[in-house]
file start-v3.cif (mmCIF, C-alpha atoms and all ligand atoms)
data_coords
loop_
_atom_site.label_atom_id
_atom_site.label_comp_id
_atom_site.auth_asym_id
_atom_site.auth_seq_id
_atom_site.Cartn_x
_atom_site.Cartn_y
_atom_site.Cartn_z
CA MET A 18 46.54 21.11 -37.98
CA LYS A 19 43.65 18.70 -37.69
CA SER A 20 44.84 17.44 -34.29
CA LEU A 21 45.20 21.02 -33.07
CA PHE A 22 41.59 21.62 -34.04
CA ILE A 23 40.48 18.51 -32.12
CA TRP A 24 42.47 19.60 -29.08
CA GLY A 25 40.81 22.98 -29.28
CA LEU A 26 37.37 21.38 -29.40
CA LEU A 27 38.21 19.07 -26.52
CA SER A 28 39.45 21.79 -24.21
CA LEU A 29 36.47 23.95 -25.10
CA THR A 30 34.13 21.07 -24.18
CA LEU A 31 35.98 20.55 -20.90
CA LEU A 32 35.80 24.26 -20.14
CA VAL A 33 32.07 24.42 -20.83
CA SER A 34 31.24 21.28 -18.86
CA SER A 35 33.30 22.36 -15.83
CA CYS A 36 31.65 25.79 -15.90
CA SER A 37 28.13 24.37 -16.04
CA LYS A 38 29.02 21.98 -13.22
CA ASN A 39 29.96 24.94 -11.02
CA ASP A 40 26.76 26.75 -11.92
CA GLU A 41 24.61 23.77 -10.94
CA LYS A 42 26.33 23.05 -7.63
CA PRO A 43 23.55 21.06 -5.96
CA ALA A 44 22.00 22.41 -2.80
CA SER A 45 20.93 19.65 -0.39
CA ALA A 46 17.26 20.29 -1.27
CA ASP A 47 17.84 19.60 -4.99
CA GLU A 48 18.92 16.05 -4.17
CA LEU A 49 15.41 15.24 -2.94
CA GLN A 50 13.52 15.84 -6.18
CA GLY A 51 10.58 13.46 -6.60
CA LEU A 52 10.71 12.42 -2.94
CA GLN A 53 8.28 13.23 -0.13
CA LEU A 54 9.02 13.69 3.56
CA VAL A 55 7.77 10.80 5.70
CA LYS A 56 8.99 11.86 9.12
CA THR A 57 11.68 13.81 10.94
CA LEU A 58 13.44 12.03 13.80
CA SER A 59 15.53 14.09 16.23
CA ASN A 60 17.70 14.06 19.32
CA ALA A 61 19.41 16.92 21.23
CA THR A 62 22.10 17.50 18.58
CA HIS A 63 20.71 16.38 15.19
CA SER A 64 17.65 15.62 13.12
CA ILE A 65 17.08 13.10 10.35
CA ASP A 66 14.52 13.77 7.60
CA LEU A 67 13.26 10.50 6.10
CA TYR A 68 11.90 10.45 2.53
CA THR A 69 10.23 7.95 0.18
CA SER A 70 8.63 8.42 -3.24
CA SER A 71 5.13 7.97 -1.73
CA GLY A 72 5.65 9.96 1.48
CA LYS A 73 4.96 6.90 3.63
CA PHE A 74 6.39 3.60 4.79
CA GLU A 75 4.43 0.61 3.54
CA THR A 76 4.58 -3.16 3.88
CA GLY A 77 7.07 -4.63 1.39
CA TYR A 78 10.18 -3.14 -0.20
CA ASN A 79 10.77 0.54 0.68
CA PRO A 80 13.66 2.50 -0.88
CA ILE A 81 14.37 5.17 1.76
CA PHE A 82 16.36 8.40 1.46
CA PHE A 83 17.41 10.71 4.28
CA GLN A 84 19.45 13.74 5.28
CA LEU A 85 21.17 14.26 8.60
CA LYS A 86 21.26 17.82 9.93
CA THR A 87 22.61 19.64 12.96
CA VAL A 88 20.11 21.45 15.20
CA ASN A 89 21.03 24.59 13.24
CA GLY A 90 19.85 22.93 10.03
CA ASN A 91 23.27 22.39 8.46
CA PRO A 92 23.43 19.13 6.49
CA VAL A 93 26.10 16.63 7.60
CA ASN A 94 27.77 14.67 4.80
CA ASN A 95 30.61 12.86 6.60
CA ALA A 96 28.69 10.56 8.95
CA ALA A 97 29.06 6.76 9.09
CA ILE A 98 25.53 5.47 9.66
CA THR A 99 23.81 2.18 10.51
CA TRP A 100 20.14 1.58 11.20
CA MET A 101 17.90 -0.99 12.84
CA PRO A 102 14.13 -1.31 12.43
CA VAL A 103 12.41 -3.24 15.24
CA MET A 104 8.77 -4.12 15.59
CA LYS A 105 7.52 -4.08 19.18
CA MET A 106 4.72 -6.61 19.35
CA MET A 107 2.56 -7.52 22.34
CA ASN A 108 4.78 -10.32 23.57
CA MET A 109 7.93 -10.12 21.45
CA SER A 110 10.10 -7.92 19.25
CA HIS A 111 11.51 -8.66 15.83
CA SER A 112 13.33 -6.93 13.03
CA CYS A 113 13.04 -7.30 9.23
CA PRO A 114 15.33 -7.41 6.18
CA PHE A 115 17.18 -4.14 5.55
CA SER A 116 20.18 -2.87 3.58
CA THR A 117 23.34 -1.11 4.62
CA ILE A 118 23.38 2.67 4.12
CA GLY A 119 25.24 4.49 1.37
CA LYS A 120 25.14 7.85 -0.36
CA LYS A 121 22.43 8.39 -2.98
CA GLN A 122 23.91 8.40 -6.48
CA ASP A 123 25.45 11.79 -7.39
CA ALA A 124 24.34 13.24 -4.03
CA ALA A 125 26.53 14.96 -1.46
CA TYR A 126 24.11 15.12 1.46
CA THR A 127 21.50 12.43 0.86
CA PHE A 128 21.85 8.89 2.21
CA GLN A 129 20.01 5.86 0.86
CA GLY A 130 19.02 2.33 1.81
CA PHE A 131 16.01 0.04 1.87
CA ILE A 132 13.84 -1.69 4.46
CA ILE A 133 11.44 -4.57 3.80
CA PHE A 134 8.61 -4.35 6.35
CA GLN A 135 6.89 -7.75 6.46
CA MET A 136 3.89 -6.46 8.45
CA PRO A 137 2.13 -3.17 9.15
CA GLY A 138 2.11 -1.46 12.53
CA SER A 139 -0.90 -0.58 14.66
CA ASP A 140 -1.55 1.40 17.85
CA MET A 141 -0.63 -1.56 20.05
CA GLU A 142 2.15 -3.05 17.93
CA TYR A 143 4.50 -0.63 16.23
CA TRP A 144 7.77 -0.25 14.34
CA GLU A 145 10.66 1.69 15.85
CA LEU A 146 13.63 2.88 13.79
CA SER A 147 17.05 3.47 15.39
CA LEU A 148 19.87 5.18 13.55
CA ASN A 149 23.40 5.06 14.97
CA TYR A 150 25.91 7.43 13.44
CA THR A 151 29.47 8.57 13.98
CA ILE A 152 30.75 12.02 13.07
CA ASN A 153 34.50 12.65 13.46
CA GLY A 154 34.78 9.80 15.96
CA GLU A 155 31.82 10.84 18.10
CA SER A 156 28.82 8.48 18.30
CA PHE A 157 25.15 9.41 18.36
CA THR A 158 21.76 7.67 18.30
CA ILE A 159 18.36 8.76 17.07
CA LYS A 160 15.38 6.51 17.75
CA ASP A 161 11.65 6.96 17.25
CA ARG A 162 8.40 5.25 16.35
CA ILE A 163 7.50 5.14 12.65
CA GLN A 164 4.18 4.37 11.02
CA VAL A 165 4.06 1.46 8.55
CA THR A 166 0.81 1.05 6.63
CA ASP A 167 -0.43 -2.02 4.76
CA ARG A 168 -0.27 -1.94 0.97
CA THR A 169 -3.60 -2.96 -0.60
CA ARG A 170 -1.85 -5.36 -2.97
CA LYS A 171 0.56 -7.93 -1.57
CA THR A 172 4.22 -7.43 -2.48
CA VAL A 173 5.84 -9.21 0.48
CA GLN A 174 5.41 -12.68 1.98
CA SER A 175 6.73 -14.00 5.27
CA PHE A 176 6.42 -17.79 5.54
CA LEU A 177 7.77 -21.11 6.79
CA GLY A 178 9.38 -23.32 4.14
CA THR A 179 9.14 -27.12 4.04
CA ASP A 180 12.78 -27.01 5.24
CA ASN A 181 11.45 -25.46 8.48
CA LYS A 182 13.21 -22.14 7.83
CA ARG A 183 11.42 -18.80 7.91
CA TYR A 184 11.69 -16.68 4.77
CA VAL A 185 10.80 -13.16 3.69
CA LEU A 186 10.27 -12.67 -0.05
CA ALA A 187 9.66 -9.18 -1.45
CA MET A 188 8.93 -7.83 -4.91
CA MET A 189 10.97 -4.79 -6.02
CA GLU A 190 9.90 -4.40 -9.66
CA PRO A 191 7.62 -3.76 -11.40
CA ALA A 192 6.80 -0.71 -9.25
CA ASP A 193 4.84 0.65 -12.20
CA PRO A 194 3.46 -2.38 -14.13
CA LYS A 195 2.52 -2.03 -17.80
CA VAL A 196 0.87 -4.09 -20.54
CA ALA A 197 4.22 -5.52 -21.60
CA LEU A 198 6.88 -8.04 -20.74
CA ASN A 199 7.89 -6.26 -17.48
CA ASP A 200 11.25 -6.55 -15.76
CA MET A 201 10.54 -8.32 -12.49
CA SER A 202 12.88 -8.39 -9.50
CA GLY A 203 12.78 -9.51 -5.90
CA LEU A 204 14.78 -10.05 -2.74
CA LEU A 205 14.83 -13.22 -0.64
CA TYR A 206 15.94 -13.45 3.00
CA THR A 207 15.90 -16.13 5.64
CA MET A 208 15.20 -15.31 9.27
CA THR A 209 18.40 -16.36 11.05
CA ASN A 210 16.90 -15.12 14.31
CA MET A 211 14.28 -12.55 15.36
CA MET A 212 16.75 -9.68 14.86
CA GLN A 213 18.75 -10.96 11.89
CA PHE A 214 17.69 -11.67 8.32
CA ASP A 215 20.25 -12.92 5.79
CA PRO A 216 20.07 -12.99 1.98
CA VAL A 217 19.50 -16.43 0.42
CA ASP A 218 21.53 -17.41 -2.66
CA ASN A 219 20.91 -19.65 -5.67
CA TYR A 220 17.19 -20.31 -5.20
CA THR A 221 14.60 -19.98 -7.99
CA ILE A 222 11.33 -18.07 -7.78
CA GLN A 223 8.87 -19.52 -10.28
CA ILE A 224 6.09 -17.22 -11.43
CA ASP A 225 2.66 -17.93 -12.92
CA PRO A 226 0.65 -14.69 -13.32
CA ARG A 227 -3.11 -15.16 -13.64
CA MET A 228 -6.24 -13.01 -13.92
CA PRO A 229 -8.73 -14.57 -11.46
CA GLY A 230 -11.48 -12.22 -12.68
CA MET A 231 -11.17 -13.52 -16.25
CA GLY A 232 -11.30 -17.30 -16.08
CA ASN A 233 -7.89 -17.36 -14.38
CA HIS A 234 -6.10 -16.98 -17.70
CA GLY A 235 -2.33 -16.69 -17.77
CA SER A 236 0.20 -15.02 -20.04
CA PRO A 237 3.02 -16.13 -22.35
CA ASN A 238 6.80 -15.70 -22.19
CA ASN A 239 7.22 -15.31 -18.42
CA VAL A 240 10.75 -15.90 -17.12
CA HIS A 241 11.29 -17.32 -13.61
CA LEU A 242 13.42 -15.25 -11.25
CA THR A 243 17.03 -16.32 -10.71
CA GLN A 244 19.79 -14.54 -8.85
CA GLY A 245 22.17 -12.09 -10.50
CA THR A 246 25.66 -11.19 -9.33
CA ASP A 247 24.15 -8.24 -7.43
CA LYS A 248 22.15 -10.78 -5.31
CA ILE A 249 18.86 -9.52 -6.74
CA TYR A 250 16.49 -12.12 -8.20
CA ARG A 251 15.40 -11.12 -11.72
CA GLY A 252 12.98 -12.42 -14.33
CA LYS A 253 10.29 -11.28 -16.78
CA LEU A 254 6.63 -10.77 -15.93
CA SER A 255 4.20 -10.87 -18.83
CA LEU A 256 1.04 -8.79 -18.34
CA THR A 257 -1.19 -8.90 -21.42
CA MET A 258 -3.86 -6.46 -20.22
CA SER A 259 -4.54 -4.02 -17.39
CA GLY A 260 -6.50 -5.10 -14.30
CA TYR A 261 -5.90 -7.31 -11.29
CA TRP A 262 -3.24 -10.01 -11.58
CA LYS A 263 -2.29 -12.60 -9.01
CA ILE A 264 1.32 -13.65 -9.48
CA ASN A 265 1.37 -17.22 -8.21
CA LEU A 266 4.78 -18.21 -6.88
CA GLN A 267 6.77 -21.29 -6.03
CA LEU A 268 10.05 -21.05 -4.16
CA LEU A 269 12.65 -23.67 -5.11
CA ASP A 270 15.91 -24.20 -3.24
CA ALA A 271 19.29 -24.71 -4.95
CA THR A 272 18.55 -28.43 -5.48
CA GLY A 273 15.18 -27.68 -7.12
CA ALA A 274 13.06 -28.81 -4.12
CA VAL A 275 9.86 -26.78 -3.66
CA LEU A 276 9.92 -25.02 -0.27
CA LYS A 277 6.63 -23.15 -0.60
CA GLY A 278 3.82 -22.70 -3.12
CA GLU A 279 1.77 -24.99 -5.38
CA PRO A 280 1.35 -25.11 -9.16
CA VAL A 281 -1.85 -23.65 -10.65
CA ALA A 282 -3.31 -26.73 -12.33
CA GLY A 283 -6.53 -28.75 -12.40
CA ASP A 284 -8.76 -27.72 -9.49
CA ASN A 285 -6.06 -25.59 -7.88
CA GLU A 286 -6.65 -21.98 -8.90
CA SER A 287 -3.88 -20.32 -6.91
CA SER A 288 -0.69 -20.83 -4.94
CA SER A 289 -0.43 -20.19 -1.19
CA LEU A 290 2.60 -18.01 -2.10
CA PHE A 291 1.79 -15.03 -4.33
CA PHE A 292 2.19 -11.35 -5.11
CA GLU A 293 -0.49 -9.05 -6.49
CA VAL A 294 -0.46 -6.19 -8.98
CA GLU A 295 -3.32 -4.03 -10.21
CA PHE A 296 -3.01 -1.29 -12.80
CU CU A 301 5.49 -7.99 13.89
#

call {"tool": "encode", "arguments": {"input": "start-v3.cif", "output": "structure tokens"}}
result
Amino acid sequence: MKSLFIWGLLSLTLLVSSCSKNDEKPASADELQGLQLVKTLSNATHSIDLYTSSGKFETGYNPIFFQLKTVNGNPVNNAAITWMPVMKMMNMSHSCPFSTIGKKQDAAYTFQGFIIFQMPGSDMEYWELSLNYTINGESFTIKDRIQVTDRTRKTVQSFLGTDNKRYVLAMMEPADPKVALNDMSGLLYTMTNMMQFDPVDNYTIQIDPRMPGMGNHGSPNNVHLTQGTDKIYRGKLSLTMSGYWKINLQLLDATGAVLKGEPVAGDNESSSLFFEVEF
């Protein structure tokens, strides 16, 4: 009798949840909540609407969302897509670190990836984004100029290590810093060549946050960033009050050798490798 009652409850729950799922069948627009359109790229057959949370592309780590549509405005959900950002400079071109493209979580029509722009564009030197996609075996390309503006506070560094390799280091979190022990995360790439950046494993990113406006004081309980199984470097950033903080950094390779950055000690008030937050 009791088990019958439980079965009844279970099937009722299933019935209710499947009904409400049908009612809330997401339209493609609903998948873009909290995002702002940055730009629409188009060719003769399709358009791609690019979105970020700020409505712009900025230097540093940019989570990017987009929808692919036919010229009639119908969203396409079965495309295999790759992308390639290239900066056209006066006398050379180069790319930057970027992710592969997947579907946004729980979304049918919205794709997602990230790009780490290590420098802003200008009128003379600009970023161009190409997207190559295949629908039912047919290949297409969309390519256009995009605007990348400079963030006021530094969240990306491009530099030469003492091992003579070029690196790009970007801060992901905290995107919204608080007076707390914040989760901190970052991504580290090495420049294999001008068009290829590869993730770097097993390094350590040491952090020493300071308030230069207040006697350069620090904070307790910081945890240096080390790599997780998802390749992301994670640690803890202690911010004891609001204001401007310089997060002094030192990059150590897998053997513990310092590749870039100096300790804040004695007369040395800051590292040549740093991020900034202000809140
Ligand atoms: Cu450049």

call {"tool": "atom_distance", "arguments": {"input": "start-v3.cif", "atom1": "CA of Glu155 (chain A)", "atom2": "CA of Thr57 (chain A)"}}
result
21.6 Å

call {"tool": "residues_near_ligand", "arguments": {"input": "start-v3.cif", "ligand": "ligand CU 301 (chain A)", "cutoff": "7 Å", "atoms": "only C-alpha atoms and all ligand atoms", "output": "MDAnalysis selection string"}}
result
chainID A and resid 104:106 111 136

call {"tool": "closest_residue", "arguments": {"input": "start-v3.cif", "among": "A:Ile264, A:Ala46, A:Val240, A:Met189", "to": "Met228 (chain A)", "atoms": "all atoms listed in the file"}}
result
A:Ile264

call {"tool": "closest_atom_pairs", "arguments": {"input": "start-v3.cif", "of": "region 245-285 of chain A", "to": "region 170-180 of chain A", "cutoff": "9 Å", "atoms": "only C-alpha atoms", "output": "Markdown table"}}
result
| residue | atom | partner | partner_atom | distance |
| --- | --- | --- | --- | --- |
| A:Leu268 | CA | A:Gly178 | CA | 8.6 |
| A:Val275 | CA | A:Thr179 | CA | 7.7 |
| A:Leu276 | CA | A:Gly178 | CA | 4.8 |
| A:Lys277 | CA | A:Gly178 | CA | 5.5 |

call {"tool": "closest_residue", "arguments": {"input": "start-v3.cif", "among": "A:Thr257, A:Gln122, A:Met107, A:Ile152", "to": "Ser139 (chain A)", "atoms": "all atoms listed in the file"}}
result
A:Met107

call {"tool": "closest_residue", "arguments": {"input": "start-v3.cif", "among": "A:Asn153, A:Asn60, A:Gln244, A:Ser236", "to": "Pro216 (chain A)", "atoms": "all atoms listed in the file"}}
result
A:Gln244

call {"tool": "atom_distance", "arguments": {"input": "start-v3.cif", "atom1": "CA of Thr117 (chain A)", "atom2": "CA of Asn79 (chain A)"}}
result
13.3 Å

call {"tool": "residues_around", "arguments": {"input": "start-v3.cif", "residues": "Ala192 (chain A)", "least_positions_apart": "5", "cutoff": "12 Å", "atoms": "all atoms listed in the file", "output": "JSON, numbers by chain"}}
result
{"A": [70, 71, 77, 78, 79, 80, 170, 172, 187, 199, 200, 201, 202, 203, 293, 294, 295, 296]}

call {"tool": "write_last_selection", "arguments": {"input": "start-v3.cif", "atoms": "C-alpha atoms", "output": "PDB file, in the coordinates of the input"}}
result
ATOM      1  CA  SER A  70       8.630   8.420  -3.240  1.00  0.00           C
ATOM      2  CA  SER A  71       5.130   7.970  -1.730  1.00  0.00           C
ATOM      3  CA  GLY A  77       7.070  -4.630   1.390  1.00  0.00           C
ATOM      4  CA  TYR A  78      10.180  -3.140  -0.200  1.00  0.00           C
ATOM      5  CA  ASN A  79      10.770   0.540   0.680  1.00  0.00           C
ATOM      6  CA  PRO A  80      13.660   2.500  -0.880  1.00  0.00           C
ATOM      7  CA  ARG A 170      -1.850  -5.360  -2.970  1.00  0.00           C
ATOM      8  CA  THR A 172       4.220  -7.430  -2.480  1.00  0.00           C
ATOM      9  CA  ALA A 187       9.660  -9.180  -1.450  1.00  0.00           C
ATOM     10  CA  ASN A 199       7.890  -6.260 -17.480  1.00  0.00           C
ATOM     11  CA  ASP A 200      11.250  -6.550 -15.760  1.00  0.00           C
ATOM     12  CA  MET A 201      10.540  -8.320 -12.490  1.00  0.00           C
ATOM     13  CA  SER A 202      12.880  -8.390  -9.500  1.00  0.00           C
ATOM     14  CA  GLY A 203      12.780  -9.510  -5.900  1.00  0.00           C
ATOM     15  CA  GLU A 293      -0.490  -9.050  -6.490  1.00  0.00           C
ATOM     16  CA  VAL A 294      -0.460  -6.190  -8.980  1.00  0.00           C
ATOM     17  CA  GLU A 295      -3.320  -4.030 -10.210  1.00  0.00           C
ATOM     18  CA  PHE A 296      -3.010  -1.290 -12.800  1.00  0.00           C
TER      19      PHE A 296
END

call {"tool": "closest_residue", "arguments": {"input": "start-v3.cif", "among": "A:Asp140, A:Asp247, A:Asp123, A:Asp225", "to": "Phe291 (chain A)", "atoms": "only C-alpha atoms"}}
result
A:Asp225

call {"tool": "closest_residue", "arguments": {"input": "start-v3.cif", "among": "A:Phe134, A:Trp100, A:Phe128, A:Tyr184", "to": "Asn149 (chain A)", "atoms": "all atoms listed in the file"}}
result
A:Trp100

call {"tool": "residues_around", "arguments": {"input": "start-v3.cif", "residues": "Lys195 (chain A)", "least_positions_apart": "2", "cutoff": "9 Å", "atoms": "all atoms listed in the file", "output": "PyMOL selection string"}}
result
chain A and resi 191+193+197-199+256-259+296

call {"tool": "closest_residue", "arguments": {"input": "start-v3.cif", "among": "A:Gln84, A:Pro226, A:Glu75, A:Thr207", "to": "Pro280 (chain A)", "atoms": "all atoms listed in the file"}}
result
A:Pro226

call {"tool": "residues_around", "arguments": {"input": "start-v3.cif", "residues": "Asn219 (chain A)", "least_positions_apart": "2", "cutoff": "10 Å", "atoms": "all atoms listed in the file", "output": "mmCIF file with C-alpha atoms, in the coordinates of the input"}}
result
data_model
loop_
_atom_site.group_PDB
_atom_site.id
_atom_site.type_symbol
_atom_site.label_atom_id
_atom_site.label_comp_id
_atom_site.auth_asym_id
_atom_site.auth_seq_id
_atom_site.Cartn_x
_atom_site.Cartn_y
_atom_site.Cartn_z
ATOM 1 C CA VAL A 217 19.500 -16.430 0.420
ATOM 2 C CA THR A 221 14.600 -19.980 -7.990
ATOM 3 C CA ILE A 222 11.330 -18.070 -7.780
ATOM 4 C CA THR A 243 17.030 -16.320 -10.710
ATOM 5 C CA GLN A 244 19.790 -14.540 -8.850
ATOM 6 C CA GLY A 245 22.170 -12.090 -10.500
ATOM 7 C CA LYS A 248 22.150 -10.780 -5.310
ATOM 8 C CA TYR A 250 16.490 -12.120 -8.200
ATOM 9 C CA LEU A 269 12.650 -23.670 -5.110
ATOM 10 C CA ASP A 270 15.910 -24.200 -3.240
ATOM 11 C CA ALA A 271 19.290 -24.710 -4.950
ATOM 12 C CA THR A 272 18.550 -28.430 -5.480
ATOM 13 C CA GLY A 273 15.180 -27.680 -7.120
#

call {"tool": "atom_distance", "arguments": {"input": "start-v3.cif", "atom1": "CA of Ser147 (chain A)", "atom2": "CA of Ile159 (chain A)"}}
result
5.7 Å

call {"tool": "residues_around", "arguments": {"input": "start-v3.cif", "residues": "Gln53 (chain A)", "least_positions_apart": "3", "cutoff": "6 Å", "atoms": "all atoms listed in the file", "output": "VMD selection string"}}
result
chain A and resid 68 to 70 72

call {"tool": "residues_near_point", "arguments": {"input": "start-v3.cif", "point": "(21.2, 12.4, -7.5)", "cutoff": "12 Å", "atoms": "only C-alpha atoms", "output": "ChimeraX atom specification"}}
result
/A:42-52,82,120-129
